[in-house]
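Participant: Next up, structure22.cif (mmCIF, N, CA and C atoms).
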data_structure
loop_
_atom_site.label_atom_id
_atom_site.label_comp_id
_atom_site.auth_asym_id
_atom_site.auth_seq_id
_atom_site.Cartn_x
_atom_site.Cartn_y
_atom_site.Cartn_z
N MET A 1346 83.47 23.83 30.03
CA MET A 1346 82.39 23.87 31.01
C MET A 1346 82.84 24.65 32.23
N ALA A 1347 82.05 25.62 32.60
CA ALA A 1347 82.40 26.48 33.73
C ALA A 1347 82.13 25.79 35.05
N ASP A 1348 82.89 26.15 36.09
CA ASP A 1348 82.70 25.59 37.42
C ASP A 1348 81.64 26.40 38.16
N LEU A 1349 80.50 25.78 38.42
CA LEU A 1349 79.38 26.49 39.04
C LEU A 1349 79.05 25.94 40.43
N THR A 1350 80.02 25.28 41.07
CA THR A 1350 79.75 24.66 42.37
C THR A 1350 79.42 25.70 43.43
N SER A 1351 80.14 26.83 43.42
CA SER A 1351 79.87 27.86 44.43
C SER A 1351 78.48 28.47 44.23
N LYS A 1352 78.06 28.60 42.97
CA LYS A 1352 76.73 29.14 42.67
C LYS A 1352 75.65 28.17 43.16
N LYS A 1353 75.90 26.89 42.93
CA LYS A 1353 74.97 25.86 43.37
C LYS A 1353 74.86 25.85 44.90
N ARG A 1354 76.02 25.99 45.56
CA ARG A 1354 76.04 26.02 47.02
C ARG A 1354 75.25 27.20 47.55
N MET A 1355 75.48 28.39 46.96
CA MET A 1355 74.77 29.59 47.39
C MET A 1355 73.27 29.44 47.18
N ALA A 1356 72.88 28.90 46.04
CA ALA A 1356 71.46 28.72 45.73
C ALA A 1356 70.82 27.74 46.72
N SER A 1357 71.55 26.67 47.06
CA SER A 1357 70.99 25.68 47.99
C SER A 1357 70.82 26.29 49.38
N GLU A 1358 71.76 27.16 49.79
CA GLU A 1358 71.63 27.84 51.08
C GLU A 1358 70.45 28.81 51.08
N LEU A 1359 70.28 29.52 49.98
CA LEU A 1359 69.17 30.48 49.88
C LEU A 1359 67.81 29.77 49.88
N LEU A 1360 67.75 28.64 49.18
CA LEU A 1360 66.49 27.92 49.06
C LEU A 1360 66.21 26.98 50.24
N GLY A 1361 67.27 26.67 50.99
CA GLY A 1361 67.10 25.77 52.13
C GLY A 1361 66.95 24.32 51.72
N VAL A 1362 67.58 23.93 50.61
CA VAL A 1362 67.53 22.54 50.16
C VAL A 1362 68.95 22.06 49.94
N GLY A 1363 69.10 20.77 49.67
CA GLY A 1363 70.42 20.20 49.42
C GLY A 1363 70.96 20.60 48.05
N LYS A 1364 72.28 20.51 47.90
CA LYS A 1364 72.92 20.90 46.63
C LYS A 1364 72.48 20.01 45.47
N SER A 1365 72.18 18.74 45.78
CA SER A 1365 71.81 17.81 44.71
C SER A 1365 70.45 18.14 44.10
N ARG A 1366 69.62 18.90 44.83
CA ARG A 1366 68.30 19.24 44.31
C ARG A 1366 68.28 20.53 43.50
N VAL A 1367 69.37 21.29 43.52
CA VAL A 1367 69.43 22.56 42.78
C VAL A 1367 69.83 22.28 41.34
N ARG A 1368 69.09 22.87 40.40
CA ARG A 1368 69.39 22.72 38.98
C ARG A 1368 69.65 24.09 38.37
N LEU A 1369 70.63 24.13 37.47
CA LEU A 1369 70.99 25.37 36.77
C LEU A 1369 70.72 25.18 35.28
N ASP A 1370 70.28 26.25 34.63
CA ASP A 1370 69.98 26.18 33.20
C ASP A 1370 71.29 26.01 32.43
N PRO A 1371 71.45 24.91 31.67
CA PRO A 1371 72.73 24.67 30.98
C PRO A 1371 73.00 25.67 29.84
N ASP A 1372 71.95 26.32 29.33
CA ASP A 1372 72.14 27.27 28.24
C ASP A 1372 72.72 28.60 28.71
N LEU A 1373 72.56 28.90 30.00
CA LEU A 1373 73.00 30.21 30.52
C LEU A 1373 74.17 30.10 31.49
N THR A 1374 75.08 29.16 31.23
CA THR A 1374 76.21 28.97 32.14
C THR A 1374 77.15 30.18 32.15
N GLU A 1375 77.31 30.84 31.03
CA GLU A 1375 78.20 32.01 30.97
C GLU A 1375 77.70 33.14 31.86
N GLN A 1376 76.37 33.43 31.80
CA GLN A 1376 75.79 34.48 32.64
C GLN A 1376 75.86 34.08 34.12
N LEU A 1377 75.64 32.79 34.40
CA LEU A 1377 75.71 32.33 35.78
C LEU A 1377 77.14 32.42 36.32
N GLN A 1378 78.12 32.24 35.44
CA GLN A 1378 79.53 32.33 35.83
C GLN A 1378 79.86 33.73 36.35
N ASP A 1379 79.23 34.75 35.76
CA ASP A 1379 79.51 36.13 36.15
C ASP A 1379 78.89 36.51 37.49
N SER A 1380 77.81 35.82 37.90
CA SER A 1380 77.14 36.19 39.15
C SER A 1380 77.94 35.66 40.33
N ILE A 1381 78.36 36.60 41.20
CA ILE A 1381 79.21 36.19 42.33
C ILE A 1381 78.59 36.55 43.68
N THR A 1382 77.45 37.22 43.67
CA THR A 1382 76.83 37.61 44.94
C THR A 1382 75.53 36.84 45.16
N ARG A 1383 75.11 36.82 46.43
CA ARG A 1383 73.84 36.19 46.76
C ARG A 1383 72.68 36.92 46.09
N GLU A 1384 72.81 38.24 45.99
CA GLU A 1384 71.77 39.05 45.36
C GLU A 1384 71.56 38.64 43.90
N SER A 1385 72.66 38.43 43.19
CA SER A 1385 72.54 38.02 41.78
C SER A 1385 71.94 36.61 41.66
N ILE A 1386 72.29 35.74 42.62
CA ILE A 1386 71.72 34.39 42.62
C ILE A 1386 70.21 34.47 42.85
N ARG A 1387 69.78 35.38 43.77
CA ARG A 1387 68.34 35.58 44.01
C ARG A 1387 67.64 36.03 42.72
N GLY A 1388 68.30 36.87 41.96
CA GLY A 1388 67.74 37.33 40.69
C GLY A 1388 67.54 36.19 39.72
N TRP A 1389 68.53 35.28 39.64
CA TRP A 1389 68.42 34.13 38.76
C TRP A 1389 67.32 33.17 39.22
N LEU A 1390 67.15 33.10 40.55
CA LEU A 1390 66.07 32.26 41.09
C LEU A 1390 64.71 32.77 40.65
N SER A 1391 64.52 34.09 40.76
CA SER A 1391 63.22 34.67 40.39
C SER A 1391 63.01 34.60 38.87
N ALA A 1392 64.11 34.62 38.10
CA ALA A 1392 64.00 34.54 36.64
C ALA A 1392 63.74 33.11 36.16
N GLY A 1393 63.96 32.13 37.04
CA GLY A 1393 63.71 30.74 36.67
C GLY A 1393 64.90 30.05 36.04
N VAL A 1394 66.06 30.67 36.10
CA VAL A 1394 67.27 30.07 35.55
C VAL A 1394 67.81 29.01 36.52
N ILE A 1395 67.60 29.26 37.81
CA ILE A 1395 67.96 28.29 38.85
C ILE A 1395 66.65 27.81 39.46
N TRP A 1396 66.48 26.50 39.60
CA TRP A 1396 65.25 25.98 40.19
C TRP A 1396 65.55 24.75 41.03
N VAL A 1397 64.55 24.29 41.76
CA VAL A 1397 64.69 23.13 42.64
C VAL A 1397 63.85 21.98 42.07
N ILE A 1398 64.46 20.81 42.00
CA ILE A 1398 63.67 19.65 41.57
C ILE A 1398 62.89 19.14 42.79
N PRO A 1399 61.67 18.64 42.58
CA PRO A 1399 60.85 18.22 43.73
C PRO A 1399 61.44 17.02 44.46
N LYS A 1400 61.11 16.95 45.74
CA LYS A 1400 61.59 15.87 46.59
C LYS A 1400 60.94 14.56 46.18
N LYS A 1401 61.72 13.48 46.20
CA LYS A 1401 61.17 12.17 45.90
C LYS A 1401 60.83 11.48 47.21
N GLY A 1402 59.62 10.91 47.27
CA GLY A 1402 59.22 10.17 48.47
C GLY A 1402 59.48 8.69 48.28
N ASN A 1403 59.46 7.96 49.39
CA ASN A 1403 59.63 6.51 49.31
C ASN A 1403 58.27 5.86 49.12
N SER A 1404 58.19 4.94 48.18
CA SER A 1404 56.94 4.24 47.92
C SER A 1404 56.63 3.30 49.08
N ARG A 1405 55.37 3.31 49.54
CA ARG A 1405 54.98 2.44 50.64
C ARG A 1405 54.32 1.15 50.15
N GLY A 1406 54.34 0.91 48.84
CA GLY A 1406 53.69 -0.26 48.26
C GLY A 1406 54.23 -1.56 48.81
N ARG A 1407 55.55 -1.72 48.80
CA ARG A 1407 56.16 -2.96 49.29
C ARG A 1407 55.89 -3.14 50.77
N PHE A 1408 55.93 -2.04 51.52
CA PHE A 1408 55.65 -2.11 52.95
C PHE A 1408 54.23 -2.59 53.21
N ARG A 1409 53.29 -2.07 52.43
CA ARG A 1409 51.88 -2.45 52.59
C ARG A 1409 51.69 -3.96 52.35
N VAL A 1410 52.32 -4.46 51.29
CA VAL A 1410 52.21 -5.89 50.97
C VAL A 1410 52.80 -6.72 52.09
N ARG A 1411 53.99 -6.32 52.58
CA ARG A 1411 54.67 -7.07 53.63
C ARG A 1411 53.87 -7.07 54.92
N SER A 1412 53.31 -5.90 55.27
CA SER A 1412 52.56 -5.82 56.52
C SER A 1412 51.27 -6.63 56.43
N LYS A 1413 50.68 -6.68 55.23
CA LYS A 1413 49.47 -7.48 55.05
C LYS A 1413 49.80 -8.96 55.30
N LYS A 1414 50.94 -9.41 54.75
CA LYS A 1414 51.36 -10.80 54.95
C LYS A 1414 51.61 -11.07 56.43
N ARG A 1415 52.26 -10.11 57.09
CA ARG A 1415 52.60 -10.26 58.50
C ARG A 1415 51.34 -10.38 59.35
N LYS A 1416 50.35 -9.57 59.02
CA LYS A 1416 49.11 -9.60 59.79
C LYS A 1416 48.34 -10.90 59.55
N ALA A 1417 48.46 -11.45 58.35
CA ALA A 1417 47.71 -12.65 58.00
C ALA A 1417 48.25 -13.88 58.72
N ARG A 1418 49.52 -13.86 59.06
CA ARG A 1418 50.13 -15.03 59.69
C ARG A 1418 49.76 -15.16 61.16
N GLY A 1419 49.87 -16.37 61.65
CA GLY A 1419 49.77 -16.59 63.09
C GLY A 1419 48.36 -16.58 63.64
N LEU A 1420 47.35 -16.73 62.77
CA LEU A 1420 45.99 -16.72 63.28
C LEU A 1420 45.34 -18.08 63.18
N GLY A 1421 46.07 -19.07 62.68
CA GLY A 1421 45.50 -20.40 62.49
C GLY A 1421 45.31 -21.14 63.80
N GLN A 1422 44.66 -22.28 63.73
CA GLN A 1422 44.35 -23.08 64.91
C GLN A 1422 45.62 -23.51 65.63
N GLY A 1423 46.66 -23.85 64.87
CA GLY A 1423 47.89 -24.33 65.48
C GLY A 1423 48.69 -23.26 66.20
N SER A 1424 48.44 -22.01 65.90
CA SER A 1424 49.21 -20.93 66.52
C SER A 1424 48.55 -20.39 67.79
N LYS A 1425 47.37 -20.87 68.09
CA LYS A 1425 46.65 -20.34 69.25
C LYS A 1425 47.24 -20.91 70.53
N LYS A 1426 47.52 -20.04 71.47
CA LYS A 1426 48.00 -20.46 72.79
C LYS A 1426 47.11 -19.80 73.82
N GLY A 1427 46.84 -20.51 74.87
CA GLY A 1427 45.96 -19.97 75.90
C GLY A 1427 44.55 -20.46 75.71
N ALA A 1428 43.77 -20.34 76.77
CA ALA A 1428 42.39 -20.81 76.75
C ALA A 1428 41.53 -19.93 75.86
N LYS A 1429 40.31 -20.39 75.60
CA LYS A 1429 39.39 -19.64 74.75
C LYS A 1429 39.13 -18.26 75.35
N GLY A 1430 38.99 -18.22 76.66
CA GLY A 1430 38.70 -16.95 77.35
C GLY A 1430 39.89 -16.03 77.43
N ALA A 1431 41.09 -16.55 77.09
CA ALA A 1431 42.28 -15.71 77.18
C ALA A 1431 42.44 -14.83 75.94
N ARG A 1432 42.01 -15.35 74.79
CA ARG A 1432 42.16 -14.60 73.55
C ARG A 1432 41.11 -13.50 73.45
N VAL A 1433 39.86 -13.84 73.73
CA VAL A 1433 38.78 -12.86 73.78
C VAL A 1433 38.08 -13.11 75.10
N GLY A 1434 37.99 -12.08 75.92
CA GLY A 1434 37.42 -12.24 77.26
C GLY A 1434 35.96 -12.66 77.23
N LYS A 1435 35.57 -13.44 78.26
CA LYS A 1435 34.20 -13.92 78.34
C LYS A 1435 33.21 -12.77 78.41
N LYS A 1436 33.59 -11.76 79.17
CA LYS A 1436 32.67 -10.64 79.36
C LYS A 1436 32.46 -9.86 78.06
N SER A 1437 33.54 -9.62 77.32
CA SER A 1437 33.40 -8.85 76.07
C SER A 1437 32.54 -9.62 75.06
N LEU A 1438 32.68 -10.96 75.04
CA LEU A 1438 31.82 -11.78 74.18
C LEU A 1438 30.36 -11.66 74.61
N TRP A 1439 30.16 -11.73 75.92
CA TRP A 1439 28.80 -11.63 76.45
C TRP A 1439 28.17 -10.28 76.12
N VAL A 1440 28.93 -9.21 76.31
CA VAL A 1440 28.42 -7.86 76.04
C VAL A 1440 28.05 -7.73 74.57
N ALA A 1441 28.88 -8.24 73.68
CA ALA A 1441 28.60 -8.17 72.25
C ALA A 1441 27.32 -8.94 71.91
N ARG A 1442 27.17 -10.12 72.52
CA ARG A 1442 26.00 -10.95 72.25
C ARG A 1442 24.72 -10.27 72.74
N VAL A 1443 24.77 -9.73 73.96
CA VAL A 1443 23.60 -9.06 74.54
C VAL A 1443 23.23 -7.83 73.72
N ARG A 1444 24.23 -7.09 73.28
CA ARG A 1444 23.95 -5.90 72.46
C ARG A 1444 23.27 -6.29 71.15
N MET A 1445 23.73 -7.38 70.55
CA MET A 1445 23.15 -7.85 69.30
C MET A 1445 21.69 -8.23 69.51
N LEU A 1446 21.41 -8.98 70.59
CA LEU A 1446 20.04 -9.41 70.87
C LEU A 1446 19.13 -8.22 71.17
N ARG A 1447 19.65 -7.28 71.92
CA ARG A 1447 18.85 -6.08 72.25
C ARG A 1447 18.57 -5.25 71.01
N ARG A 1448 19.55 -5.17 70.11
CA ARG A 1448 19.36 -4.42 68.86
C ARG A 1448 18.23 -5.04 68.03
N ILE A 1449 18.21 -6.38 67.97
CA ILE A 1449 17.15 -7.08 67.23
C ILE A 1449 15.80 -6.78 67.86
N LEU A 1450 15.73 -6.87 69.19
CA LEU A 1450 14.47 -6.60 69.89
C LEU A 1450 13.97 -5.19 69.61
N LYS A 1451 14.89 -4.23 69.65
CA LYS A 1451 14.49 -2.83 69.44
C LYS A 1451 13.97 -2.60 68.03
N THR A 1452 14.63 -3.22 67.03
CA THR A 1452 14.14 -3.04 65.65
C THR A 1452 12.77 -3.68 65.47
N LYS A 1453 12.56 -4.86 66.08
CA LYS A 1453 11.25 -5.52 65.99
C LYS A 1453 10.17 -4.65 66.63
N ARG A 1454 10.49 -4.05 67.78
CA ARG A 1454 9.53 -3.20 68.46
C ARG A 1454 9.22 -1.95 67.64
N ASP A 1455 10.27 -1.34 67.07
CA ASP A 1455 10.08 -0.11 66.29
C ASP A 1455 9.27 -0.37 65.03
N ARG A 1456 9.42 -1.56 64.45
CA ARG A 1456 8.65 -1.91 63.25
C ARG A 1456 7.21 -2.31 63.59
N GLY A 1457 6.96 -2.55 64.88
CA GLY A 1457 5.62 -2.94 65.31
C GLY A 1457 5.38 -4.43 65.19
N GLU A 1458 6.44 -5.22 65.08
CA GLU A 1458 6.30 -6.67 64.99
C GLU A 1458 6.00 -7.30 66.35
N ILE A 1459 6.45 -6.64 67.43
CA ILE A 1459 6.11 -7.10 68.79
C ILE A 1459 5.59 -5.92 69.59
N THR A 1460 4.79 -6.23 70.60
CA THR A 1460 4.23 -5.15 71.44
C THR A 1460 5.26 -4.73 72.48
N ASN A 1461 4.98 -3.61 73.14
CA ASN A 1461 5.90 -3.13 74.19
C ASN A 1461 5.97 -4.12 75.35
N GLN A 1462 4.85 -4.76 75.65
CA GLN A 1462 4.80 -5.73 76.74
C GLN A 1462 5.68 -6.94 76.41
N ASP A 1463 5.59 -7.44 75.18
CA ASP A 1463 6.43 -8.56 74.75
C ASP A 1463 7.90 -8.15 74.74
N PHE A 1464 8.14 -6.92 74.28
CA PHE A 1464 9.51 -6.40 74.24
C PHE A 1464 10.13 -6.42 75.63
N LYS A 1465 9.37 -5.94 76.62
CA LYS A 1465 9.89 -5.87 78.00
C LYS A 1465 10.21 -7.26 78.54
N SER A 1466 9.30 -8.19 78.31
CA SER A 1466 9.52 -9.54 78.85
C SER A 1466 10.73 -10.20 78.17
N LEU A 1467 10.83 -10.06 76.85
CA LEU A 1467 11.96 -10.65 76.12
C LEU A 1467 13.28 -9.96 76.50
N TYR A 1468 13.23 -8.64 76.69
CA TYR A 1468 14.41 -7.87 77.06
C TYR A 1468 14.96 -8.38 78.39
N LEU A 1469 14.05 -8.61 79.35
CA LEU A 1469 14.47 -9.10 80.65
C LEU A 1469 15.00 -10.53 80.56
N GLN A 1470 14.42 -11.33 79.64
CA GLN A 1470 14.92 -12.69 79.45
C GLN A 1470 16.34 -12.68 78.88
N VAL A 1471 16.61 -11.71 77.98
CA VAL A 1471 17.97 -11.56 77.44
C VAL A 1471 18.91 -11.14 78.56
N LYS A 1472 18.45 -10.22 79.39
CA LYS A 1472 19.28 -9.72 80.49
C LYS A 1472 19.60 -10.84 81.48
N GLY A 1473 18.62 -11.70 81.75
CA GLY A 1473 18.81 -12.77 82.72
C GLY A 1473 19.41 -14.03 82.13
N ALA A 1474 19.85 -13.98 80.88
CA ALA A 1474 20.52 -15.10 80.19
C ALA A 1474 19.60 -16.28 79.96
N GLN A 1475 18.29 -16.05 79.93
CA GLN A 1475 17.37 -17.11 79.53
C GLN A 1475 17.41 -17.26 78.01
N ILE A 1476 17.64 -16.14 77.34
CA ILE A 1476 17.83 -16.15 75.89
C ILE A 1476 19.27 -15.72 75.64
N ARG A 1477 20.07 -16.66 75.11
CA ARG A 1477 21.50 -16.35 74.93
C ARG A 1477 21.91 -16.26 73.47
N THR A 1478 21.11 -16.83 72.57
CA THR A 1478 21.50 -16.86 71.16
C THR A 1478 20.40 -16.26 70.29
N ARG A 1479 20.77 -15.98 69.07
CA ARG A 1479 19.81 -15.42 68.12
C ARG A 1479 18.75 -16.47 67.76
N LYS A 1480 19.19 -17.70 67.66
CA LYS A 1480 18.27 -18.79 67.33
C LYS A 1480 17.18 -18.90 68.39
N ARG A 1481 17.61 -18.85 69.63
CA ARG A 1481 16.65 -18.95 70.76
C ARG A 1481 15.71 -17.75 70.75
N LEU A 1482 16.24 -16.58 70.44
CA LEU A 1482 15.41 -15.37 70.38
C LEU A 1482 14.37 -15.50 69.27
N ASP A 1483 14.79 -16.04 68.12
CA ASP A 1483 13.86 -16.23 67.01
C ASP A 1483 12.74 -17.20 67.39
N GLU A 1484 13.10 -18.26 68.15
CA GLU A 1484 12.08 -19.20 68.62
C GLU A 1484 11.07 -18.51 69.51
N GLU A 1485 11.56 -17.71 70.44
CA GLU A 1485 10.68 -16.98 71.37
C GLU A 1485 9.81 -15.98 70.61
N LEU A 1486 10.40 -15.31 69.61
CA LEU A 1486 9.64 -14.34 68.81
C LEU A 1486 8.54 -15.04 68.02
N SER A 1487 8.85 -16.24 67.51
CA SER A 1487 7.81 -16.97 66.75
C SER A 1487 6.67 -17.39 67.67
N LYS A 1488 7.00 -17.74 68.94
CA LYS A 1488 5.97 -18.06 69.92
C LYS A 1488 5.09 -16.86 70.20
N VAL A 1489 5.75 -15.70 70.32
CA VAL A 1489 5.02 -14.45 70.60
C VAL A 1489 4.12 -14.08 69.43
N GLU A 1490 4.61 -14.25 68.22
CA GLU A 1490 3.83 -13.89 67.02
C GLU A 1490 2.66 -14.84 66.80
N ARG A 1491 2.79 -16.11 67.27
CA ARG A 1491 1.69 -17.06 67.13
C ARG A 1491 0.52 -16.71 68.04
N ARG A 1492 0.85 -16.05 69.18
CA ARG A 1492 -0.22 -15.68 70.13
C ARG A 1492 -1.12 -14.63 69.57
#
Could you show the structure in this file as structure tokens?
Facilitator:
Amino acid sequence: MADLTSKKRMASELLGVGKSRVRLDPDLTEQLQDSITRESIRGWLSAGVIWVIPKKGNSRGRFRVRSKKRKARGLGQGSKKGAKGARVGKKSLWVARVRMLRRILKTKRDRGEITNQDFKSLYLQVKGAQIRTRKRLDEELSKVERR
């Protein structure tokens, strides 16, 4: 078996990869032994006698499973510290609730289930916190529809 370490080194420098990724054709070791210049190595590269094996990536499967477990932990009742308003702010809860109620009102108005006048009065009631929940809004809507 011929010593082809210098050829492998030259090929890795030309290709810009590590020596472990360079492969030489085992059937043509005698011809490769004769090539001593970078130019001849380039010729073998273009001929396909010397090639690079593709890079192997690290699988993220185990990481994904582990991170899923990590995210799932610590959300139970016993792990909660701080007041109710500390975990989710009162204002952000309020904004979400008001947006939900307004969205319902707008869809009802667009469908023609309530008039513009009813929409305005209910909208202002939502704004003034007279209507705070969906249940209460449904009650008010049923009153409006009965009229």
Participant: Give me, please, the distance in Å between atom N of Ser1412 (chain A) and atom N of Lys1426 (chain A), quoted to one decimal.
Facilitator: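 Between atom N of Ser1412 (chain A) and atom N of Lys1426 (chain A) the gap works out to 22.3 Å.
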Participant: Which residues would end up in the selection if the PyMOL selection byres ((chain A and resi 1395-1403) around 6) were applied here, given that I need the answer as a ChimeraX atom specification?
Facilitator: /A:1366-1370,1389-1390,1392-1394,1404-1405
Participant: Here is a test: counting all atoms listed in the file, which residue of A:Ile1386, A:Val1410, A:Leu1377, A:Ala1417 is nearest to Met1355 (chain A)?
Facilitator: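 Of all the options, A:Ile1386 lies closest to Met1355 (chain A).
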Participant: Which residues are near region 1460-1466 of chain A? Cut-off 7 Å, only N, CA and C atoms, ignore same chain within fewer than 6 positions. Put them as a ChimeraX atom specification.
Facilitator: /A:1450,1453-1454
Participant: Smallest atom-to-atom distance to Val1489 (chain A): which of A:Glu1458, A:Ala1356, A:Arg1407, A:Arg1477, using all atoms listed in the file?
Facilitator: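 Selected residue with least distance to Val1489 (chain A): A:Glu1458.
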Participant: Contacts of Gln1378 (chain A) at 7 Å or less, counting all atoms listed in the file, minus same-chain residues fewer than 5 places along, as number ranges by chain?
Facilitator: A: 1347-1349, 1373
Participant: To test your reading of the structure, identify every residue in chain A that backbone DSSP assigns to alpha helix (DSSP H), and report it as a count of residues only.
Facilitator: 90
Participant: Extract region 1391-1458 of chain A from the coordinates I pasted, and write it as a PDB file, in the first residue's frame (atoms kept: C-alpha atoms).
Facilitator:
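As a result, part.pdb now contains:
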ATOM      1  CA  SER A1391     -11.623  17.235 -11.829  1.00  0.00           C
ATOM      2  CA  ALA A1392     -11.401  13.595 -13.001  1.00  0.00           C
ATOM      3  CA  GLY A1393     -13.266  12.434  -9.882  1.00  0.00           C
ATOM      4  CA  VAL A1394     -10.465  10.243  -8.556  1.00  0.00           C
ATOM      5  CA  ILE A1395     -10.224  12.443  -5.451  1.00  0.00           C
ATOM      6  CA  TRP A1396     -13.487  13.617  -3.880  1.00  0.00           C
ATOM      7  CA  VAL A1397     -14.918  15.034  -0.661  1.00  0.00           C
ATOM      8  CA  ILE A1398     -17.423  13.185   1.488  1.00  0.00           C
ATOM      9  CA  PRO A1399     -20.317  15.420   2.619  1.00  0.00           C
ATOM     10  CA  LYS A1400     -20.318  17.023   6.029  1.00  0.00           C
ATOM     11  CA  LYS A1401     -22.335  15.282   8.718  1.00  0.00           C
ATOM     12  CA  GLY A1402     -24.652  17.464  10.796  1.00  0.00           C
ATOM     13  CA  ASN A1403     -25.733  16.894  14.373  1.00  0.00           C
ATOM     14  CA  SER A1404     -29.262  15.611  14.792  1.00  0.00           C
ATOM     15  CA  ARG A1405     -31.479  18.002  16.757  1.00  0.00           C
ATOM     16  CA  GLY A1406     -34.048  15.300  17.608  1.00  0.00           C
ATOM     17  CA  ARG A1407     -32.842  14.664  21.159  1.00  0.00           C
ATOM     18  CA  PHE A1408     -32.533  18.395  21.781  1.00  0.00           C
ATOM     19  CA  ARG A1409     -36.108  18.968  20.627  1.00  0.00           C
ATOM     20  CA  VAL A1410     -37.450  16.272  22.968  1.00  0.00           C
ATOM     21  CA  ARG A1411     -35.428  17.619  25.904  1.00  0.00           C
ATOM     22  CA  SER A1412     -36.481  21.215  25.322  1.00  0.00           C
ATOM     23  CA  LYS A1413     -40.121  20.162  25.053  1.00  0.00           C
ATOM     24  CA  LYS A1414     -39.834  18.470  28.456  1.00  0.00           C
ATOM     25  CA  ARG A1415     -38.085  21.514  29.898  1.00  0.00           C
ATOM     26  CA  LYS A1416     -40.807  23.844  28.674  1.00  0.00           C
ATOM     27  CA  ALA A1417     -43.556  21.586  30.027  1.00  0.00           C
ATOM     28  CA  ARG A1418     -42.187  21.669  33.559  1.00  0.00           C
ATOM     29  CA  GLY A1419     -42.791  24.320  36.161  1.00  0.00           C
ATOM     30  CA  LEU A1420     -46.221  25.470  35.047  1.00  0.00           C
ATOM     31  CA  GLY A1421     -48.308  23.658  37.656  1.00  0.00           C
ATOM     32  CA  GLN A1422     -50.197  25.269  40.517  1.00  0.00           C
ATOM     33  CA  GLY A1423     -47.475  24.411  43.027  1.00  0.00           C
ATOM     34  CA  SER A1424     -44.737  26.132  41.042  1.00  0.00           C
ATOM     35  CA  LYS A1425     -46.479  29.480  40.792  1.00  0.00           C
ATOM     36  CA  LYS A1426     -44.912  32.273  42.818  1.00  0.00           C
ATOM     37  CA  GLY A1427     -46.188  35.805  42.990  1.00  0.00           C
ATOM     38  CA  ALA A1428     -49.664  37.247  42.825  1.00  0.00           C
ATOM     39  CA  LYS A1429     -52.095  36.641  39.974  1.00  0.00           C
ATOM     40  CA  GLY A1430     -51.288  40.069  38.550  1.00  0.00           C
ATOM     41  CA  ALA A1431     -47.556  39.368  38.664  1.00  0.00           C
ATOM     42  CA  ARG A1432     -47.609  36.486  36.179  1.00  0.00           C
ATOM     43  CA  VAL A1433     -49.889  38.190  33.655  1.00  0.00           C
ATOM     44  CA  GLY A1434     -50.454  41.901  34.097  1.00  0.00           C
ATOM     45  CA  LYS A1435     -53.940  43.187  34.853  1.00  0.00           C
ATOM     46  CA  LYS A1436     -53.814  45.611  31.983  1.00  0.00           C
ATOM     47  CA  SER A1437     -52.779  43.040  29.367  1.00  0.00           C
ATOM     48  CA  LEU A1438     -55.648  40.786  30.517  1.00  0.00           C
ATOM     49  CA  TRP A1439     -58.041  43.703  30.286  1.00  0.00           C
ATOM     50  CA  VAL A1440     -56.840  44.686  26.807  1.00  0.00           C
ATOM     51  CA  ALA A1441     -57.243  41.110  25.566  1.00  0.00           C
ATOM     52  CA  ARG A1442     -60.752  40.888  27.022  1.00  0.00           C
ATOM     53  CA  VAL A1443     -61.853  44.228  25.545  1.00  0.00           C
ATOM     54  CA  ARG A1444     -60.444  43.312  22.139  1.00  0.00           C
ATOM     55  CA  MET A1445     -62.343  40.023  22.198  1.00  0.00           C
ATOM     56  CA  LEU A1446     -65.621  41.755  23.098  1.00  0.00           C
ATOM     57  CA  ARG A1447     -65.125  44.432  20.450  1.00  0.00           C
ATOM     58  CA  ARG A1448     -64.355  41.791  17.825  1.00  0.00           C
ATOM     59  CA  ILE A1449     -67.643  40.026  18.640  1.00  0.00           C
ATOM     60  CA  LEU A1450     -69.553  43.307  18.411  1.00  0.00           C
ATOM     61  CA  LYS A1451     -67.997  44.155  15.050  1.00  0.00           C
ATOM     62  CA  THR A1452     -68.826  40.756  13.546  1.00  0.00           C
ATOM     63  CA  LYS A1453     -72.433  41.015  14.784  1.00  0.00           C
ATOM     64  CA  ARG A1454     -72.726  44.490  13.253  1.00  0.00           C
ATOM     65  CA  ASP A1455     -71.172  43.402   9.943  1.00  0.00           C
ATOM     66  CA  ARG A1456     -73.563  40.445   9.715  1.00  0.00           C
ATOM     67  CA  GLY A1457     -76.490  42.774  10.391  1.00  0.00           C
ATOM     68  CA  GLU A1458     -77.491  41.066  13.639  1.00  0.00           C
TER      69      GLU A1458
END
